[in-house]
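Shown below: final.txt, with compact mmCIF, C-alpha atoms.
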```
# COMPACT_ATOMS: atom_id res chain seq x y z
CA MET X 1 219.23 194.22 121.02
CA SER X 2 217.16 194.83 124.15
CA GLY X 3 217.94 191.63 126.05
CA ASP X 4 216.00 188.50 126.90
CA LEU X 5 212.32 188.47 127.79
CA VAL X 6 212.00 186.54 131.05
CA VAL X 7 208.71 185.41 132.57
CA ALA X 8 209.34 184.02 136.05
CA GLY X 9 206.75 182.21 138.16
CA VAL X 10 203.73 184.10 136.81
CA THR X 11 200.38 183.09 138.26
CA VAL X 12 197.06 184.65 137.24
CA THR X 13 193.84 183.79 139.07
CA TYR X 14 190.21 184.69 138.42
CA GLY X 15 188.37 183.93 141.62
CA GLN X 16 189.33 180.36 142.54
CA HIS X 17 190.44 179.50 138.99
CA ARG X 18 194.12 179.61 138.09
CA VAL X 19 194.39 180.63 134.44
CA LEU X 20 198.20 180.66 134.62
CA ASP X 21 199.94 178.52 137.21
CA ASP X 22 203.60 179.33 137.97
CA VAL X 23 204.50 179.98 134.31
CA SER X 24 208.16 180.56 133.50
CA LEU X 25 209.77 180.97 130.08
CA THR X 26 212.56 182.86 128.37
CA VAL X 27 212.74 184.29 124.85
CA PRO X 28 216.38 185.10 124.02
CA SER X 29 217.21 188.53 122.63
CA GLY X 30 216.26 188.78 118.95
CA ALA X 31 214.59 185.34 118.91
CA LEU X 32 211.04 184.39 117.96
CA GLY X 33 209.35 182.36 120.65
CA VAL X 34 206.02 180.61 120.18
CA VAL X 35 203.56 179.53 122.86
CA LEU X 36 201.51 176.60 121.60
CA GLY X 37 198.42 175.24 123.27
CA PRO X 38 194.71 174.48 122.87
CA SER X 39 191.96 177.03 123.43
CA GLY X 40 191.60 177.85 127.12
CA SER X 41 195.19 176.97 127.99
CA GLY X 42 196.02 180.55 129.06
CA LYS X 43 197.92 181.75 125.97
CA THR X 44 196.19 185.11 125.57
CA THR X 45 196.29 185.75 129.32
CA LEU X 46 200.06 185.23 129.22
CA LEU X 47 200.40 187.68 126.33
CA ARG X 48 198.28 190.32 128.09
CA THR X 49 200.42 189.93 131.20
CA ILE X 50 203.63 190.45 129.22
CA ALA X 51 202.18 193.48 127.40
CA GLY X 52 201.12 195.07 130.71
CA PHE X 53 197.35 194.88 130.25
CA LEU X 54 197.00 192.46 133.17
CA GLN X 55 198.51 192.40 136.66
CA PRO X 56 199.39 188.83 137.70
CA SER X 57 198.70 187.48 141.16
CA SER X 58 202.41 186.69 141.54
CA GLY X 59 205.58 186.43 139.50
CA GLU X 60 207.76 188.76 137.46
CA VAL X 61 208.20 189.87 133.84
CA SER X 62 211.43 191.50 132.72
CA LEU X 63 212.94 192.61 129.42
CA GLY X 64 216.70 192.80 129.49
CA ARG X 65 217.61 194.58 132.72
CA ARG X 66 214.20 196.25 133.06
CA LEU X 67 211.70 194.81 135.50
CA LEU X 68 208.29 195.36 133.89
CA THR X 69 206.08 193.47 136.34
CA GLY X 70 206.82 192.48 139.90
CA PRO X 71 205.45 192.52 143.45
CA ARG X 72 205.78 196.31 143.66
CA THR X 73 206.25 197.12 139.97
CA MET X 74 203.74 197.54 137.15
CA ILE X 75 205.09 199.48 134.17
CA PRO X 76 202.12 200.65 132.02
CA PRO X 77 201.82 199.19 128.49
CA GLU X 78 202.79 202.41 126.70
CA ARG X 79 206.13 202.57 128.57
CA ARG X 80 207.19 198.95 128.13
CA GLY X 81 208.59 199.22 124.61
CA ILE X 82 206.48 196.24 123.56
CA GLY X 83 204.49 196.24 120.31
CA VAL X 84 201.21 194.35 120.18
CA VAL X 85 199.62 192.61 117.18
CA PRO X 86 196.09 191.49 118.17
CA GLN X 87 194.21 188.60 116.63
CA GLU X 88 191.94 190.63 114.34
CA GLY X 89 194.36 193.45 113.51
CA ALA X 90 192.19 196.08 115.29
CA LEU X 91 192.97 198.87 112.83
CA PHE X 92 191.30 202.25 113.23
CA PRO X 93 188.65 202.25 110.46
CA HIS X 94 188.54 206.08 110.13
CA LEU X 95 192.32 206.43 109.66
CA THR X 96 194.22 205.74 106.46
CA VAL X 97 196.71 202.90 106.19
CA ALA X 98 199.61 205.33 106.62
CA GLU X 99 197.92 206.97 109.62
CA ASN X 100 197.34 203.59 111.22
CA ILE X 101 201.00 202.64 110.85
CA GLY X 102 202.12 206.00 112.21
CA PHE X 103 199.64 206.11 115.09
CA GLY X 104 201.52 207.28 118.15
CA LEU X 105 204.50 208.61 116.17
CA ASP X 106 205.23 212.28 115.78
CA ARG X 107 204.89 214.07 112.45
CA SER X 108 208.60 214.50 111.85
CA ALA X 109 210.30 213.74 108.58
CA VAL X 110 211.98 210.75 110.23
CA SER X 111 208.61 209.27 111.21
CA GLN X 112 207.20 209.82 107.73
CA ALA X 113 210.21 208.11 106.21
CA ARG X 114 209.70 205.21 108.63
CA ILE X 115 206.08 204.86 107.51
CA ARG X 116 207.04 204.89 103.84
CA ASP X 117 209.72 202.27 104.45
CA LEU X 118 207.30 199.97 106.26
CA LEU X 119 204.67 200.39 103.55
CA ALA X 120 207.24 199.24 101.01
CA ARG X 121 208.32 196.31 103.18
CA ILE X 122 204.74 195.00 103.45
CA ASP X 123 204.12 195.48 99.69
CA LEU X 124 201.60 198.30 100.20
CA ALA X 125 203.69 201.23 98.98
CA GLY X 126 200.79 202.64 96.95
CA ALA X 127 198.09 202.06 99.52
CA GLY X 128 199.01 204.59 102.22
CA ALA X 129 195.98 206.81 101.51
CA ARG X 130 193.44 203.97 101.52
CA LEU X 131 191.16 203.09 104.43
CA PRO X 132 191.45 199.67 106.12
CA GLY X 133 187.98 198.67 104.89
CA ALA X 134 189.32 198.68 101.33
CA LEU X 135 191.99 196.09 102.15
CA SER X 136 191.87 192.30 102.20
CA GLY X 137 192.30 190.38 105.43
CA GLY X 138 195.92 189.58 104.66
CA GLN X 139 196.68 193.21 103.84
CA GLN X 140 195.08 194.38 107.09
CA GLN X 141 197.26 191.97 109.07
CA ARG X 142 200.34 193.31 107.29
CA VAL X 143 199.34 196.85 108.30
CA SER X 144 198.81 195.71 111.89
CA LEU X 145 202.28 194.16 111.93
CA ALA X 146 203.82 197.33 110.45
CA ARG X 147 202.03 199.47 113.07
CA ALA X 148 203.53 197.35 115.87
CA LEU X 149 207.01 197.71 114.36
CA ALA X 150 206.78 201.45 113.56
CA PRO X 151 208.01 202.75 116.96
CA CYS X 152 211.00 200.33 116.81
CA PRO X 153 209.90 198.40 119.92
CA ASP X 154 212.25 196.24 121.94
CA PHE X 155 209.84 193.32 121.76
CA ILE X 156 206.60 192.31 120.01
CA VAL X 157 203.77 190.04 121.15
CA LEU X 158 201.37 188.54 118.62
CA ASP X 159 198.03 186.94 119.54
CA GLU X 160 197.20 184.35 116.84
CA PRO X 161 197.57 187.06 114.18
CA PHE X 162 197.17 184.75 111.18
CA ALA X 163 194.28 182.60 112.39
CA ALA X 164 191.71 184.11 110.01
CA LEU X 165 193.91 183.78 106.89
CA ASP X 166 193.99 180.90 104.44
CA ALA X 167 196.94 178.50 104.44
CA HIS X 168 198.82 180.23 101.59
CA LEU X 169 198.54 183.67 103.21
CA ARG X 170 199.56 182.31 106.60
CA GLY X 171 202.78 181.00 105.09
CA ARG X 172 203.56 184.35 103.44
CA MET X 173 202.81 186.24 106.66
CA ARG X 174 205.09 183.98 108.68
CA ASP X 175 207.92 184.61 106.22
CA LEU X 176 207.29 188.36 106.33
CA LEU X 177 207.26 188.33 110.14
CA ARG X 178 210.61 186.57 110.27
CA ASP X 179 212.13 188.98 107.75
CA LEU X 180 210.88 192.10 109.58
CA LEU X 181 212.03 190.83 112.96
CA THR X 182 215.48 189.99 111.59
CA GLU X 183 215.79 193.49 110.14
CA SER X 184 214.60 195.22 113.30
CA GLY X 185 216.49 193.04 115.78
CA ALA X 186 213.41 192.85 118.00
CA GLY X 187 212.46 189.67 119.80
CA ALA X 188 208.91 188.40 119.64
CA LEU X 189 206.47 186.00 121.25
CA LEU X 190 203.62 184.58 119.17
CA VAL X 191 200.78 182.52 120.63
CA THR X 192 198.93 180.03 118.49
CA HIS X 193 197.09 176.71 118.51
CA ASP X 194 198.35 175.97 114.98
CA GLN X 195 200.97 173.22 115.25
CA ALA X 196 202.50 173.79 111.82
CA GLU X 197 202.73 177.53 112.45
CA ALA X 198 204.53 176.99 115.75
CA LEU X 199 207.01 174.39 114.51
CA SER X 200 207.85 176.13 111.23
CA THR X 201 208.19 179.65 112.65
CA ALA X 202 209.73 179.47 116.11
CA ASP X 203 213.28 179.50 117.41
CA CYS X 204 211.90 178.12 120.67
CA VAL X 205 208.51 176.55 121.47
CA THR X 206 206.70 176.47 124.81
CA VAL X 207 203.70 174.16 125.16
CA LEU X 208 201.06 175.49 127.55
CA ARG X 209 198.29 173.22 128.78
CA GLU X 210 195.75 174.01 131.51
CA GLY X 211 197.74 177.08 132.50
CA ARG X 212 201.03 175.28 133.05
CA VAL X 213 204.20 175.01 130.99
CA ARG X 214 204.64 171.39 129.94
CA ILE X 215 207.80 171.65 127.86
CA THR X 216 210.11 174.27 126.33
CA GLY X 217 212.72 173.69 123.65
CA THR X 218 213.57 173.90 119.97
CA PRO X 219 210.75 172.91 117.58
CA GLU X 220 212.56 169.66 116.72
CA HIS X 221 213.10 168.72 120.37
CA VAL X 222 209.52 169.45 121.40
CA TYR X 223 208.12 167.47 118.46
CA CYS X 224 210.44 164.47 118.65
CA HIS X 225 210.73 164.23 122.45
CA PRO X 226 207.40 165.50 123.84
CA GLY X 227 207.81 163.63 127.12
CA GLU X 228 204.07 163.17 127.74
CA PRO X 229 201.00 162.31 125.64
CA GLY X 230 199.36 165.73 126.07
CA VAL X 231 202.38 167.48 124.62
CA ALA X 232 202.54 164.98 121.76
CA GLU X 233 198.92 165.78 120.87
CA SER X 234 199.56 169.53 121.07
CA THR X 235 202.47 169.41 118.63
CA GLY X 236 201.12 167.14 115.89
CA GLU X 237 199.09 164.10 114.91
CA VAL X 238 199.48 160.97 116.98
CA VAL X 239 198.54 157.31 116.64
CA ILE X 240 197.53 155.61 119.91
CA LEU X 241 198.17 151.88 120.36
CA PRO X 242 197.44 149.54 123.30
CA ALA X 243 200.78 148.33 124.67
CA GLN X 244 202.17 145.85 127.19
CA VAL X 245 205.53 146.45 128.88
CA VAL X 246 208.13 143.77 128.07
CA ALA X 247 211.23 145.67 129.31
CA ARG X 248 212.04 149.06 130.83
CA ASP X 249 212.30 150.65 127.38
CA ARG X 250 210.29 148.20 125.26
CA VAL X 251 206.58 147.50 124.84
CA MET X 252 204.67 145.00 122.72
CA THR X 253 201.87 146.29 120.50
CA CYS X 254 199.65 145.15 117.64
CA VAL X 255 202.44 146.12 115.22
CA GLY X 256 205.24 144.44 117.18
CA GLU X 257 207.76 145.69 119.73
CA ILE X 258 208.31 149.44 120.06
CA THR X 259 211.08 151.33 121.83
CA VAL X 260 209.79 153.84 124.40
CA ALA X 261 211.52 156.59 126.35
CA GLY X 262 211.57 154.54 129.56
CA THR X 263 208.57 153.58 131.67
CA PRO X 264 208.08 153.20 135.45
CA ALA X 265 205.52 150.43 134.86
CA GLY X 266 206.57 146.87 135.61
CA THR X 267 206.88 144.07 133.07
CA GLY X 268 203.46 142.86 131.97
CA ALA X 269 201.70 146.16 132.76
CA TRP X 270 199.30 147.52 130.15
CA GLY X 271 199.13 151.08 128.86
CA ARG X 272 199.23 153.05 125.62
CA VAL X 273 201.93 154.26 123.27
CA TRP X 274 201.75 157.44 121.19
CA VAL X 275 203.60 157.50 117.87
CA ARG X 276 203.71 159.93 114.97
CA PRO X 277 202.15 158.80 111.65
CA GLU X 278 205.51 159.29 109.92
CA GLN X 279 207.09 156.80 112.36
CA ILE X 280 204.95 153.99 110.93
CA SER X 281 206.62 152.21 108.02
CA LEU X 282 204.68 149.95 105.67
CA THR X 283 206.18 147.00 103.82
CA VAL X 284 204.14 145.40 101.03
CA LEU X 285 203.95 141.65 101.57
CA PRO X 286 204.94 139.52 98.53
CA PRO X 287 202.81 136.40 97.80
CA ARG X 288 205.16 133.92 99.53
CA ILE X 289 205.14 135.90 102.80
CA ARG X 290 201.38 136.51 102.56
CA ALA X 291 200.82 132.75 102.45
CA ALA X 292 203.01 132.20 105.52
CA VAL X 293 201.20 134.95 107.42
CA ALA X 294 197.83 133.41 106.53
CA GLU X 295 198.87 130.20 108.35
CA THR X 296 199.79 132.10 111.56
CA PRO X 297 197.14 131.90 114.32
CA GLU X 298 195.31 135.20 114.69
CA ARG X 299 195.46 137.09 117.98
CA THR X 300 191.95 137.62 119.28
CA SER X 301 192.31 139.84 122.36
CA ASP X 302 194.54 142.42 124.03
CA ALA X 303 195.32 139.83 126.71
CA GLU X 304 197.51 138.18 124.07
CA ALA X 305 200.03 140.91 123.37
CA GLY X 306 201.67 140.63 119.98
CA PRO X 307 201.49 141.68 116.34
CA ILE X 308 198.19 141.41 114.51
CA ASP X 309 198.23 139.94 111.01
CA GLY X 310 196.24 140.74 107.91
CA TRP X 311 196.81 144.50 107.66
CA ARG X 312 195.51 146.00 104.41
CA VAL X 313 195.54 149.46 102.89
CA ALA X 314 192.03 150.89 103.27
CA ARG X 315 192.55 154.39 101.88
CA VAL X 316 195.26 156.59 100.38
CA ALA X 317 194.99 160.38 100.83
CA PHE X 318 197.57 162.00 98.53
CA TYR X 319 198.80 165.54 99.34
CA GLY X 320 201.51 166.01 96.74
CA HIS X 321 204.61 166.00 98.94
CA ASP X 322 203.37 163.05 100.99
CA ALA X 323 200.33 160.86 101.65
CA ASP X 324 198.33 159.51 104.57
CA ILE X 325 197.82 155.75 104.36
CA ILE X 326 194.94 154.29 106.39
CA ILE X 327 195.37 150.59 107.18
CA THR X 328 193.05 148.13 108.92
CA ALA X 329 193.12 144.49 110.01
CA PRO X 330 190.31 141.92 110.44
CA ALA X 331 191.09 141.24 114.14
CA SER X 332 188.45 142.67 116.47
CA SER X 333 191.12 144.32 118.63
CA ALA X 334 192.92 145.97 115.69
CA PRO X 335 192.83 149.78 115.66
CA ILE X 336 192.69 151.86 112.51
CA LEU X 337 196.22 153.10 111.81
CA ARG X 338 197.37 156.19 109.95
CA ALA X 339 200.84 156.17 108.39
CA ARG X 340 202.42 159.12 106.61
CA VAL X 341 204.75 158.32 103.72
CA PRO X 342 206.70 160.63 101.39
CA ALA X 343 205.93 160.91 97.67
CA PRO X 344 206.03 159.17 95.27
CA VAL X 345 203.43 156.79 96.69
CA SER X 346 203.04 153.30 95.21
CA LEU X 347 200.62 151.89 97.80
CA ARG X 348 197.03 151.24 96.71
CA PRO X 349 193.84 150.22 98.54
CA GLY X 350 193.59 146.47 99.08
CA GLN X 351 197.32 145.78 99.27
CA GLU X 352 198.51 143.68 102.22
CA VAL X 353 201.19 145.39 104.27
CA LEU X 354 203.34 144.78 107.33
CA PRO X 355 203.44 147.86 109.64
CA ALA X 356 206.33 148.67 111.98
CA VAL X 357 207.31 151.64 114.13
CA ARG X 358 210.65 153.43 113.78
CA GLY X 359 212.28 155.48 116.53
CA VAL X 360 211.10 156.12 120.09
CA ALA X 361 207.47 156.39 121.23
CA VAL X 362 205.78 157.94 124.29
CA PHE X 363 204.30 155.45 126.75
CA GLU X 364 201.47 156.16 129.21
CA ALA X 365 200.55 153.58 131.87
```

Entire entry expressed as structure tokens:
Amino acid sequence: MSGDLVVAGVTVTYGQHRVLDDVSLTVPSGALGVVLGPSGSGKTTLLRTIAGFLQPSSGEVSLGRRLLTGPRTMIPPERRGIGVVPQEGALFPHLTVAENIGFGLDRSAVSQARIRDLLARIDLAGAGARLPGALSGGQQQRVSLARALAPCPDFIVLDEPFAALDAHLRGRMRDLLRDLLTESGAGALLVTHDQAEALSTADCVTVLREGRVRITGTPEHVYCHPGEPGVAESTGEVVILPAQVVARDRVMTCVGEITVAGTPAGTGAWGRVWVRPEQISLTVLPPRIRAAVAETPERTSDAEAGPIDGWRVARVAFYGHDADIIITAPASSAPILRARVPAPVSLRPGQEVLPAVRGVAVFEA
């Protein structure tokens, strides 16, 4: 184990534009950290700074007890002990698969044994003599990963390495990455804009938006307690509802009262709540209740905070393990809601339902 990767107060500027603004994060020794954020948030710039390809305007990068980047320190990339897996693999087209993996190693028997072992681990034991152009995209990414691991680096950085692969291959590559990192003991930092990839792969997640760290924590913590709407959007699908504050931790919406994680807004103030589709539960209304609901006066504007009646299932999108249920209501102020329910799914278009929100939502004034 080489120790923790620590990024402390890193700022990178291009002219007057701050690409990274006082970024700090830690990836514990042997852990897999993921930086999640939209395009243009500074993810690749952060990775290039850690790898030593870019000198920051201020801040420090250290690995264990080694200071790699600082006010008077700039260790070159080849001396950092950090492997790099770029987005497109960047294999040398004129070298064989084995030569690509062993690039930078000596020709000793130990190095050759290391190459053979890695070829076996990435399921390309018989492909060492082939050229990269004869491989599929997934195979090329496996070779790129093996090349980064070949010198037994202390740490690995990966720049959206699976972005060009289909969903099935991305899942296999994530599993392979975890297995290889566990075997090697190396820590790693992967940057991505893929929410599922980040949450399913990482030991710790850092959300980067507009060059600043918004939140860091376990995947479950970041997803369930995002703290602000921008983070909620970065980590998964959200449903946005107009809301009126009725208490410090309660708001009234078109689907009834919702618990929020505290709000500085005063009672009566309007804002929005952000909930996950899986937080929305749907209860099918039996005939007796449907008749009672039909006699209830309909709310006609947001100035009259309260539940809207007449919700119906508009569409069911079935995915096997779960389904997205789209519901609508006749009221002019009613939004279109998306609920996510586990299989088996008994709901059908046209059914009348009563929506409600479970758990805690994020409120924005």

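With only C-alpha atoms as the atoms that count, the minimum distance from Ile156 in chain X to the choices X:Arg66, X:Val251, X:Leu5, X:Thr267 is reached by X:Leu5.
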
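Coordinates place CA of Pro219 in chain X at a distance of 7.1 Å from CA of Asp203 in chain X.
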
| query | Using only C-alpha atoms, can you list as a VMD selection string the residues within 7 Å of (210.8, 193.4, 124.9)? | reply | chain X and resid 2 5 63 81 to 82 154 to 156 187

| request: Starting from the point (218.2, 193.0, 125.7), work out which residues of protein, DNA or RNA have an atom no more than 6 Å away when counting all atoms listed in the file; state them as a ChimeraX atom specification. | output: /X:1-4,29,64

| said: What's the separation between CA of Pro86 in chain X and CA of Ile50 in chain X, in Å to one decimal place? | reply: 13.4 Å

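In this structure, CA of Lys43 in chain X sits 10.1 Å away from CA of Arg212 in chain X.
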
| field | Residues within 10 Å of Gly128 in chain X, only C-alpha atoms, excluding chain neighbours under 4 positions, as an NGL selection string | value | :X and (96-101 or 115-116 or 119-120 or 124 or 132 or 143)

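The nearest approach to Ala196 in chain X among the residues X:Val239, X:Leu67, X:Ala167, X:Ile280, with all atoms listed in the file taken into account, belongs to X:Ala167.
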
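Every protein or nucleic acid residue with an atom no more than 9 Å from Ser234 in chain X, counting all atoms listed in the file and leaving out same-chain residues fewer than 4 positions away, appears here: Leu36, Gly37, Pro38, His193, Asp194, Gln195, Val207, Leu208, Arg209, Pro229 and Gly230 of chain X.
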
| field | Spatial neighbours of range 305-313 of chain X, 7 Å, all atoms listed in the file, chain gap at least 4 places, as a VMD selection string | value | chain X and resid 244 252 to 256 293 298 to 299 325 to 330 348 to 354

Since the input is missing atoms, can you rebuild N, CA, C and O atoms for range 342-357 of chain X and write them as a compact mmCIF listing (two decimals), in the frame of the given file?
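Result file follows (result-v1.txt):
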```
# COMPACT_ATOMS: atom_id res chain seq x y z
N PRO X 342 206.34 159.60 102.36
CA PRO X 342 206.70 160.63 101.39
C PRO X 342 206.34 160.21 99.97
O PRO X 342 206.22 159.02 99.66
N ALA X 343 206.15 161.19 99.09
CA ALA X 343 205.93 160.91 97.67
C ALA X 343 207.25 160.49 97.03
O ALA X 343 208.33 160.86 97.51
N PRO X 344 207.22 159.73 95.93
CA PRO X 344 206.03 159.17 95.27
C PRO X 344 205.45 157.99 96.06
O PRO X 344 206.17 157.30 96.79
N VAL X 345 204.15 157.80 95.91
CA VAL X 345 203.43 156.79 96.69
C VAL X 345 202.97 155.67 95.77
O VAL X 345 202.24 155.91 94.80
N SER X 346 203.41 154.44 96.05
CA SER X 346 203.04 153.30 95.21
C SER X 346 201.95 152.43 95.85
O SER X 346 201.42 151.53 95.20
N LEU X 347 201.62 152.70 97.12
CA LEU X 347 200.62 151.89 97.80
C LEU X 347 199.22 152.17 97.27
O LEU X 347 198.90 153.31 96.92
N ARG X 348 198.39 151.10 97.22
CA ARG X 348 197.03 151.24 96.71
C ARG X 348 196.07 150.49 97.64
O ARG X 348 196.46 149.51 98.30
N PRO X 349 194.82 150.92 97.71
CA PRO X 349 193.84 150.22 98.54
C PRO X 349 193.77 148.73 98.21
O PRO X 349 193.81 148.34 97.03
N GLY X 350 193.68 147.91 99.25
CA GLY X 350 193.59 146.47 99.08
C GLY X 350 194.91 145.74 99.24
O GLY X 350 194.92 144.53 99.47
N GLN X 351 196.03 146.44 99.13
CA GLN X 351 197.32 145.78 99.27
C GLN X 351 197.54 145.34 100.72
O GLN X 351 197.20 146.05 101.66
N GLU X 352 198.15 144.16 100.89
CA GLU X 352 198.51 143.68 102.22
C GLU X 352 199.86 144.25 102.60
O GLU X 352 200.80 144.23 101.79
N VAL X 353 199.96 144.74 103.83
CA VAL X 353 201.19 145.39 104.27
C VAL X 353 201.56 144.90 105.66
O VAL X 353 200.73 144.39 106.43
N LEU X 354 202.82 145.09 105.99
CA LEU X 354 203.34 144.78 107.33
C LEU X 354 203.78 146.09 107.97
O LEU X 354 204.76 146.70 107.53
N PRO X 355 203.06 146.60 108.99
CA PRO X 355 203.44 147.86 109.64
C PRO X 355 204.51 147.65 110.71
O PRO X 355 204.58 146.59 111.33
N ALA X 356 205.33 148.66 110.91
CA ALA X 356 206.33 148.67 111.98
C ALA X 356 206.54 150.11 112.41
O ALA X 356 206.21 151.05 111.66
N VAL X 357 207.09 150.30 113.60
CA VAL X 357 207.31 151.64 114.13
C VAL X 357 208.81 151.90 114.26
O VAL X 357 209.54 151.11 114.86
```
